[in-house]
Amino acid sequence: MFVKSVHAAALAAAFTPPKDIDINDPDWWQAGAVWGAMLDYSHYTGDSSYDEVITQALLSQVGPKFDFMMPLHFGSEGNDDQAFWAFSILEAAERNFPQPDDSIPPWLDIAVNIWNAMAPRWNESSCGGGLAWQIFESNPNGMTYKNSVSNGGFFQISARLARATGNDTYFEWAKKVWDWSEKVGFIDENYNVYDGADSRDNCAELNKLSFSYSQGIYMYGAAVLYNYTNGDKTWGDRTSGLLKAANSYFSPFENATNIMFEHACEPYETCNTDMKSFKGYLSRFMWATTRMMPPTLPRVQTLLNASAIAAAKACSGGDNGTVCGQKWYVGGFDGVAGLGQQMTALETVQGLLAQEALPPFKAGEIKHVKGSGSPPPETNAAASSIATSTPTKRLDTSSAGSVLVDWRWTFATLLGSAMVLGFS
């Protein structure tokens, strides 16, 4: 049976003892992204073995103002970095993930703190608005560049906070960021998402490089607003348009139909460490989109079922035969290993269980859970129902010595998952 085969493969996407990959190796932002993947693992598979580690990792980075402005990273932290940690915090909030530390606010409050830190950075002195890539003037790398991942991140955070709180202030901001993104050209008429533009010429000339993670970030934000507005056609059309435009990240060759690839760099052997992780975020947000806008499910399954099989085949390297490669369309392990490659495969495979898990909770359902997590009075039967209800809206709208978490993990995907994932 299809569901049983999916469970067999996704449950095999587990953690093996530390030896291969150090979480300190990637940039700080990617560490935040990986903990988001681990939250997905816990939620989709029901395996809570790593929940305590996830909690410790997230709480270790909240910073003195509980907004993920870490003194350790002052001068280098960007708006996109902060956004990726916010995505993970919102996942924890929307799933009532336990937060037992009384000295630290609940997950949802932390997400609000992050938003409150980002909103004042909206700068209308150039390009008519937008967030710069970077935060600190002392960092010359990106203070004059406004990019889609930072602004798309702010858009998605705003959308999710609108749904999580029922506060239309966030909804108005989400609309504002979307409108600006279209006006400046980051999102074109065909819903392709481009990388960014230089504010020194008022964003007159776009950098038309495009990456999968930006496509996914805007897509999920639009899907959340479709859900929040009880199926508003505008947000439905935008979500569908972004999903259609995501076709450019699939089918690199005639014999690799519906297999995901990073089109800006994979064919040219130019992907850097960050770029090798981008496919995982597109997978994450495509699967998440199906829970906010169920009509997207058939197309998402068509693309990601095939990609999951290809990813499983790519995870056949290393001494134990479970190390994942970068290119999924080569039919096996390509020898290019890394944390991003492990995470992209995990997110793609475990998302096959998304329809079996509860959808993200919304205003009135999100609770501050201190002990072992227990969802509100809803069952998995509710997980398969169309989630398009609108929340009741409100009338009114570590210290400097903290270091990155020290755990070392590698993900393992079952060798032979491609056979287990027979979609007959």
# chains A, B, ... in the order shown; residues from 1 in each chain; ligands from 1
>>> residues_around(residues="Phe74 of chain A", least_positions_apart="6", cutoff="10 Å", atoms="only C-alpha atoms", output="PyMOL selection string")
chain A and resi 135-136+138-139+400
>>> closest_atom_pairs(of="segment 108-214 of chain A", to="segment 69-73 of chain A", cutoff="12 Å", atoms="only C-alpha atoms", output="CSV")
residue,atom,partner,partner_atom,distance
A:Ile110,CA,A:Met69,CA,11.3
A:Asn113,CA,A:Met69,CA,10.0
A:Ile114,CA,A:Met69,CA,8.3
A:Trp115,CA,A:Met69,CA,11.5
A:Asn116,CA,A:Met69,CA,11.6
A:Ala117,CA,A:Met69,CA,8.5
A:Met118,CA,A:Met69,CA,10.3
A:Gln134,CA,A:His73,CA,11.9
A:Ile135,CA,A:Met69,CA,10.2
A:Phe136,CA,A:His73,CA,10.3
A:Asn139,CA,A:His73,CA,11.2
>>> residues_around(residues="Arg238 of chain A", least_positions_apart="3", cutoff="8 Å", atoms="only C-alpha atoms", output="PDB file with all heavy atoms, in the first residue's frame")
ATOM      1  N   TYR A 191       5.667  34.606 -12.260  1.00  0.00           N
ATOM      2  CA  TYR A 191       5.930  34.156 -10.890  1.00  0.00           C
ATOM      3  C   TYR A 191       7.310  33.523 -10.717  1.00  0.00           C
ATOM      4  O   TYR A 191       7.540  32.774  -9.773  1.00  0.00           O
ATOM      5  CB  TYR A 191       4.829  33.201 -10.405  1.00  0.00           C
ATOM      6  CG  TYR A 191       3.489  33.889 -10.286  1.00  0.00           C
ATOM      7  CD1 TYR A 191       2.548  33.791 -11.312  1.00  0.00           C
ATOM      8  CD2 TYR A 191       3.175  34.669  -9.181  1.00  0.00           C
ATOM      9  CE1 TYR A 191       1.329  34.446 -11.225  1.00  0.00           C
ATOM     10  CE2 TYR A 191       1.956  35.324  -9.082  1.00  0.00           C
ATOM     11  CZ  TYR A 191       1.034  35.207 -10.108  1.00  0.00           C
ATOM     12  OH  TYR A 191      -0.175  35.848 -10.022  1.00  0.00           O
ATOM     13  N   MET A 219       6.343  30.930  -2.153  1.00  0.00           N
ATOM     14  CA  MET A 219       5.225  30.024  -2.395  1.00  0.00           C
ATOM     15  C   MET A 219       4.493  29.682  -1.105  1.00  0.00           C
ATOM     16  O   MET A 219       3.253  29.766  -1.025  1.00  0.00           O
ATOM     17  CB  MET A 219       5.729  28.734  -3.053  1.00  0.00           C
ATOM     18  CG  MET A 219       4.627  27.746  -3.437  1.00  0.00           C
ATOM     19  SD  MET A 219       5.291  26.102  -3.868  1.00  0.00           S
ATOM     20  CE  MET A 219       6.513  26.521  -5.111  1.00  0.00           C
ATOM     21  N   ALA A 222       2.529  32.620   0.341  1.00  0.00           N
ATOM     22  CA  ALA A 222       1.277  32.848  -0.380  1.00  0.00           C
ATOM     23  C   ALA A 222       0.234  31.799  -0.007  1.00  0.00           C
ATOM     24  O   ALA A 222      -0.954  32.113   0.149  1.00  0.00           O
ATOM     25  CB  ALA A 222       1.535  32.838  -1.883  1.00  0.00           C
ATOM     26  N   THR A 234      -7.057  35.534  -5.053  1.00  0.00           N
ATOM     27  CA  THR A 234      -5.792  36.212  -5.352  1.00  0.00           C
ATOM     28  C   THR A 234      -4.614  35.407  -4.834  1.00  0.00           C
ATOM     29  O   THR A 234      -3.634  35.167  -5.558  1.00  0.00           O
ATOM     30  CB  THR A 234      -5.787  37.619  -4.741  1.00  0.00           C
ATOM     31  OG1 THR A 234      -6.803  38.407  -5.364  1.00  0.00           O
ATOM     32  CG2 THR A 234      -4.426  38.288  -4.938  1.00  0.00           C
ATOM     33  N   TRP A 235      -4.704  34.969  -3.583  1.00  0.00           N
ATOM     34  CA  TRP A 235      -3.591  34.215  -3.008  1.00  0.00           C
ATOM     35  C   TRP A 235      -3.528  32.806  -3.579  1.00  0.00           C
ATOM     36  O   TRP A 235      -2.438  32.233  -3.704  1.00  0.00           O
ATOM     37  CB  TRP A 235      -3.686  34.210  -1.489  1.00  0.00           C
ATOM     38  CG  TRP A 235      -3.434  35.577  -0.940  1.00  0.00           C
ATOM     39  CD1 TRP A 235      -4.340  36.421  -0.357  1.00  0.00           C
ATOM     40  CD2 TRP A 235      -2.190  36.297  -0.980  1.00  0.00           C
ATOM     41  NE1 TRP A 235      -3.747  37.617  -0.027  1.00  0.00           N
ATOM     42  CE2 TRP A 235      -2.423  37.574  -0.395  1.00  0.00           C
ATOM     43  CE3 TRP A 235      -0.920  35.999  -1.455  1.00  0.00           C
ATOM     44  CZ2 TRP A 235      -1.428  38.532  -0.269  1.00  0.00           C
ATOM     45  CZ3 TRP A 235       0.086  36.955  -1.326  1.00  0.00           C
ATOM     46  CH2 TRP A 235      -0.173  38.201  -0.747  1.00  0.00           C
ATOM     47  N   GLY A 241       0.702  30.062  -9.310  1.00  0.00           N
ATOM     48  CA  GLY A 241       1.688  30.612 -10.226  1.00  0.00           C
ATOM     49  C   GLY A 241       3.110  30.325  -9.791  1.00  0.00           C
ATOM     50  O   GLY A 241       3.972  29.959 -10.607  1.00  0.00           O
ATOM     51  N   LEU A 242       3.364  30.459  -8.498  1.00  0.00           N
ATOM     52  CA  LEU A 242       4.700  30.162  -7.979  1.00  0.00           C
ATOM     53  C   LEU A 242       5.028  28.679  -8.112  1.00  0.00           C
ATOM     54  O   LEU A 242       6.170  28.308  -8.417  1.00  0.00           O
ATOM     55  CB  LEU A 242       4.794  30.597  -6.511  1.00  0.00           C
ATOM     56  CG  LEU A 242       4.834  32.118  -6.296  1.00  0.00           C
ATOM     57  CD1 LEU A 242       4.420  32.469  -4.867  1.00  0.00           C
ATOM     58  CD2 LEU A 242       6.227  32.677  -6.591  1.00  0.00           C
TER      59      LEU A 242
END
>>> closest_residue(among="A:Leu339, A:Ala174, A:Val349, A:Leu209", to="Ala31 of chain A", atoms="only C-alpha atoms")
A:Leu339
>>> atom_distance(atom1="atom CA of Asp40 of chain A", atom2="atom CA of Arg95 of chain A")
9.9 Å
>>> residues_around(residues="Val369 of chain A", least_positions_apart="6", cutoff="10 Å", atoms="only C-alpha atoms", output="mmCIF file with N, CA, C and O atoms, in the first residue's frame")
data_model
loop_
_atom_site.group_PDB
_atom_site.id
_atom_site.type_symbol
_atom_site.label_atom_id
_atom_site.label_comp_id
_atom_site.auth_asym_id
_atom_site.auth_seq_id
_atom_site.Cartn_x
_atom_site.Cartn_y
_atom_site.Cartn_z
ATOM 1 N N ALA A 93 6.327 26.582 17.101
ATOM 2 C CA ALA A 93 5.101 27.189 17.628
ATOM 3 C C ALA A 93 3.863 26.554 17.013
ATOM 4 O O ALA A 93 2.895 26.219 17.721
ATOM 5 N N ARG A 95 3.370 23.715 15.900
ATOM 6 C CA ARG A 95 3.193 22.295 16.209
ATOM 7 C C ARG A 95 3.104 22.043 17.711
ATOM 8 O O ARG A 95 3.142 20.909 18.152
ATOM 9 N N ASN A 96 3.026 23.113 18.485
ATOM 10 C CA ASN A 96 2.998 22.993 19.943
ATOM 11 C C ASN A 96 4.162 22.144 20.448
ATOM 12 O O ASN A 96 4.009 21.290 21.327
ATOM 13 N N PHE A 97 5.336 22.410 19.870
ATOM 14 C CA PHE A 97 6.549 21.698 20.284
ATOM 15 C C PHE A 97 6.915 22.156 21.697
ATOM 16 O O PHE A 97 6.850 23.342 22.007
ATOM 17 N N PRO A 98 7.293 21.246 22.574
ATOM 18 C CA PRO A 98 7.559 21.624 23.973
ATOM 19 C C PRO A 98 8.657 22.671 24.110
ATOM 20 O O PRO A 98 9.660 22.629 23.396
ATOM 21 N N GLN A 99 8.434 23.612 25.021
ATOM 22 C CA GLN A 99 9.438 24.627 25.374
ATOM 23 C C GLN A 99 9.430 24.730 26.895
ATOM 24 O O GLN A 99 8.652 25.492 27.471
ATOM 25 N N PRO A 100 10.290 23.985 27.571
ATOM 26 C CA PRO A 100 10.195 23.853 29.023
ATOM 27 C C PRO A 100 10.912 24.919 29.841
ATOM 28 O O PRO A 100 10.793 24.945 31.063
ATOM 29 N N PRO A 106 7.716 31.730 25.222
ATOM 30 C CA PRO A 106 7.206 30.671 24.339
ATOM 31 C C PRO A 106 7.643 30.895 22.895
ATOM 32 O O PRO A 106 8.006 32.008 22.497
ATOM 33 N N TRP A 107 7.558 29.830 22.109
ATOM 34 C CA TRP A 107 8.014 29.899 20.722
ATOM 35 C C TRP A 107 7.341 31.042 19.950
ATOM 36 O O TRP A 107 8.007 31.770 19.209
ATOM 37 N N PRO A 375 -1.051 17.558 21.323
ATOM 38 C CA PRO A 375 -1.790 18.493 20.483
ATOM 39 C C PRO A 375 -3.126 18.852 21.081
ATOM 40 O O PRO A 375 -3.605 18.174 21.990
#
>>> atom_distance(atom1="atom CA of Lys327 of chain A", atom2="atom CA of Gly221 of chain A")
27.5 Å
>>> closest_atom_pairs(of="segment 149-260 of chain A", to="segment 341-344 of chain A", cutoff="12 Å", atoms="only C-alpha atoms", output="JSON lines")
{"residue": "A:Ser212", "atom": "CA", "partner": "A:Thr344", "partner_atom": "CA", "distance": 11.7}
{"residue": "A:Tyr213", "atom": "CA", "partner": "A:Thr344", "partner_atom": "CA", "distance": 11.1}
{"residue": "A:Met260", "atom": "CA", "partner": "A:Thr344", "partner_atom": "CA", "distance": 10.4}
>>> closest_residue(among="A:Glu91, A:Glu124, A:Glu356, A:Asp188", to="Gly36 of chain A", atoms="only C-alpha atoms")
A:Glu91
>>> select_by_dssp(residues="segment 170-307 of chain A", states="strand (DSSP E or B)", output="number ranges by chain")
A: 187, 193, 196-198, 206-207, 250, 260
>>> write_last_selection(atoms="N, CA and C atoms", output="mmCIF file, in the first residue's frame")
data_model
loop_
_atom_site.group_PDB
_atom_site.id
_atom_site.type_symbol
_atom_site.label_atom_id
_atom_site.label_comp_id
_atom_site.auth_asym_id
_atom_site.auth_seq_id
_atom_site.Cartn_x
_atom_site.Cartn_y
_atom_site.Cartn_z
ATOM 1 N N ILE A 187 9.547 39.346 -8.275
ATOM 2 C CA ILE A 187 8.597 38.356 -8.773
ATOM 3 C C ILE A 187 8.066 38.876 -10.104
ATOM 4 N N VAL A 193 10.965 33.951 -9.389
ATOM 5 C CA VAL A 193 11.530 34.783 -8.326
ATOM 6 C C VAL A 193 13.022 34.965 -8.593
ATOM 7 N N GLY A 196 17.762 39.434 -6.695
ATOM 8 C CA GLY A 196 17.785 40.722 -6.021
ATOM 9 C C GLY A 196 18.227 41.847 -6.937
ATOM 10 N N ALA A 197 18.561 42.990 -6.321
ATOM 11 C CA ALA A 197 18.985 44.165 -7.076
ATOM 12 C C ALA A 197 19.792 45.085 -6.169
ATOM 13 N N ASP A 198 20.602 45.919 -6.786
ATOM 14 C CA ASP A 198 21.469 46.850 -6.071
ATOM 15 C C ASP A 198 20.694 48.124 -5.764
ATOM 16 N N LEU A 206 17.855 44.261 -12.352
ATOM 17 C CA LEU A 206 17.709 43.034 -11.575
ATOM 18 C C LEU A 206 18.881 42.096 -11.783
ATOM 19 N N ASN A 207 19.234 41.394 -10.720
ATOM 20 C CA ASN A 207 20.108 40.233 -10.846
ATOM 21 C C ASN A 207 19.187 39.046 -11.105
ATOM 22 N N PHE A 250 13.019 21.448 -12.066
ATOM 23 C CA PHE A 250 12.798 20.014 -12.247
ATOM 24 C C PHE A 250 13.080 19.629 -13.696
ATOM 25 N N MET A 260 14.353 17.050 -9.139
ATOM 26 C CA MET A 260 14.753 18.409 -8.790
ATOM 27 C C MET A 260 16.250 18.631 -8.991
#
>>> closest_residue(among="A:Pro140, A:Lys183, A:Ser148, A:Pro105", to="Glu77 of chain A", atoms="only C-alpha atoms")
A:Pro140
>>> closest_residue(among="A:Glu182, A:Asp81, A:Glu347, A:Asp168", to="Gly130 of chain A", atoms="only C-alpha atoms")
A:Glu182
>>> decode(residues="segment 281-294 of chain A", atoms="N, CA and C atoms", output="PDB file, in the first residue's frame")
ATOM      1  N   TYR A 281      14.890  23.329   0.963  1.00  0.00           N
ATOM      2  CA  TYR A 281      13.899  24.324   1.393  1.00  0.00           C
ATOM      3  C   TYR A 281      12.737  24.384   0.406  1.00  0.00           C
ATOM      4  N   LEU A 282      13.034  24.200  -0.887  1.00  0.00           N
ATOM      5  CA  LEU A 282      11.935  24.120  -1.837  1.00  0.00           C
ATOM      6  C   LEU A 282      11.067  22.901  -1.532  1.00  0.00           C
ATOM      7  N   SER A 283      11.684  21.764  -1.258  1.00  0.00           N
ATOM      8  CA  SER A 283      10.914  20.572  -0.894  1.00  0.00           C
ATOM      9  C   SER A 283      10.080  20.829   0.362  1.00  0.00           C
ATOM     10  N   ARG A 284      10.718  21.375   1.387  1.00  0.00           N
ATOM     11  CA  ARG A 284      10.009  21.637   2.646  1.00  0.00           C
ATOM     12  C   ARG A 284       8.772  22.485   2.410  1.00  0.00           C
ATOM     13  N   PHE A 285       8.955  23.581   1.666  1.00  0.00           N
ATOM     14  CA  PHE A 285       7.852  24.520   1.514  1.00  0.00           C
ATOM     15  C   PHE A 285       6.817  24.053   0.491  1.00  0.00           C
ATOM     16  N   MET A 286       7.211  23.227  -0.459  1.00  0.00           N
ATOM     17  CA  MET A 286       6.215  22.629  -1.346  1.00  0.00           C
ATOM     18  C   MET A 286       5.314  21.662  -0.584  1.00  0.00           C
ATOM     19  N   TRP A 287       5.907  20.801   0.223  1.00  0.00           N
ATOM     20  CA  TRP A 287       5.089  19.890   1.038  1.00  0.00           C
ATOM     21  C   TRP A 287       4.200  20.691   1.982  1.00  0.00           C
ATOM     22  N   ALA A 288       4.743  21.724   2.599  1.00  0.00           N
ATOM     23  CA  ALA A 288       3.949  22.530   3.528  1.00  0.00           C
ATOM     24  C   ALA A 288       2.817  23.251   2.803  1.00  0.00           C
ATOM     25  N   THR A 289       3.064  23.660   1.566  1.00  0.00           N
ATOM     26  CA  THR A 289       2.038  24.338   0.774  1.00  0.00           C
ATOM     27  C   THR A 289       0.806  23.462   0.602  1.00  0.00           C
ATOM     28  N   THR A 290       1.000  22.165   0.454  1.00  0.00           N
ATOM     29  CA  THR A 290      -0.146  21.271   0.242  1.00  0.00           C
ATOM     30  C   THR A 290      -1.086  21.248   1.439  1.00  0.00           C
ATOM     31  N   ARG A 291      -0.589  21.551   2.630  1.00  0.00           N
ATOM     32  CA  ARG A 291      -1.447  21.570   3.811  1.00  0.00           C
ATOM     33  C   ARG A 291      -2.212  22.876   3.947  1.00  0.00           C
ATOM     34  N   MET A 292      -1.716  23.924   3.341  1.00  0.00           N
ATOM     35  CA  MET A 292      -2.405  25.216   3.361  1.00  0.00           C
ATOM     36  C   MET A 292      -3.319  25.383   2.155  1.00  0.00           C
ATOM     37  N   MET A 293      -2.970  24.749   1.048  1.00  0.00           N
ATOM     38  CA  MET A 293      -3.766  24.852  -0.175  1.00  0.00           C
ATOM     39  C   MET A 293      -3.836  23.470  -0.811  1.00  0.00           C
ATOM     40  N   PRO A 294      -4.763  22.633  -0.362  1.00  0.00           N
ATOM     41  CA  PRO A 294      -4.829  21.232  -0.807  1.00  0.00           C
ATOM     42  C   PRO A 294      -4.889  21.017  -2.314  1.00  0.00           C
TER      43      PRO A 294
END
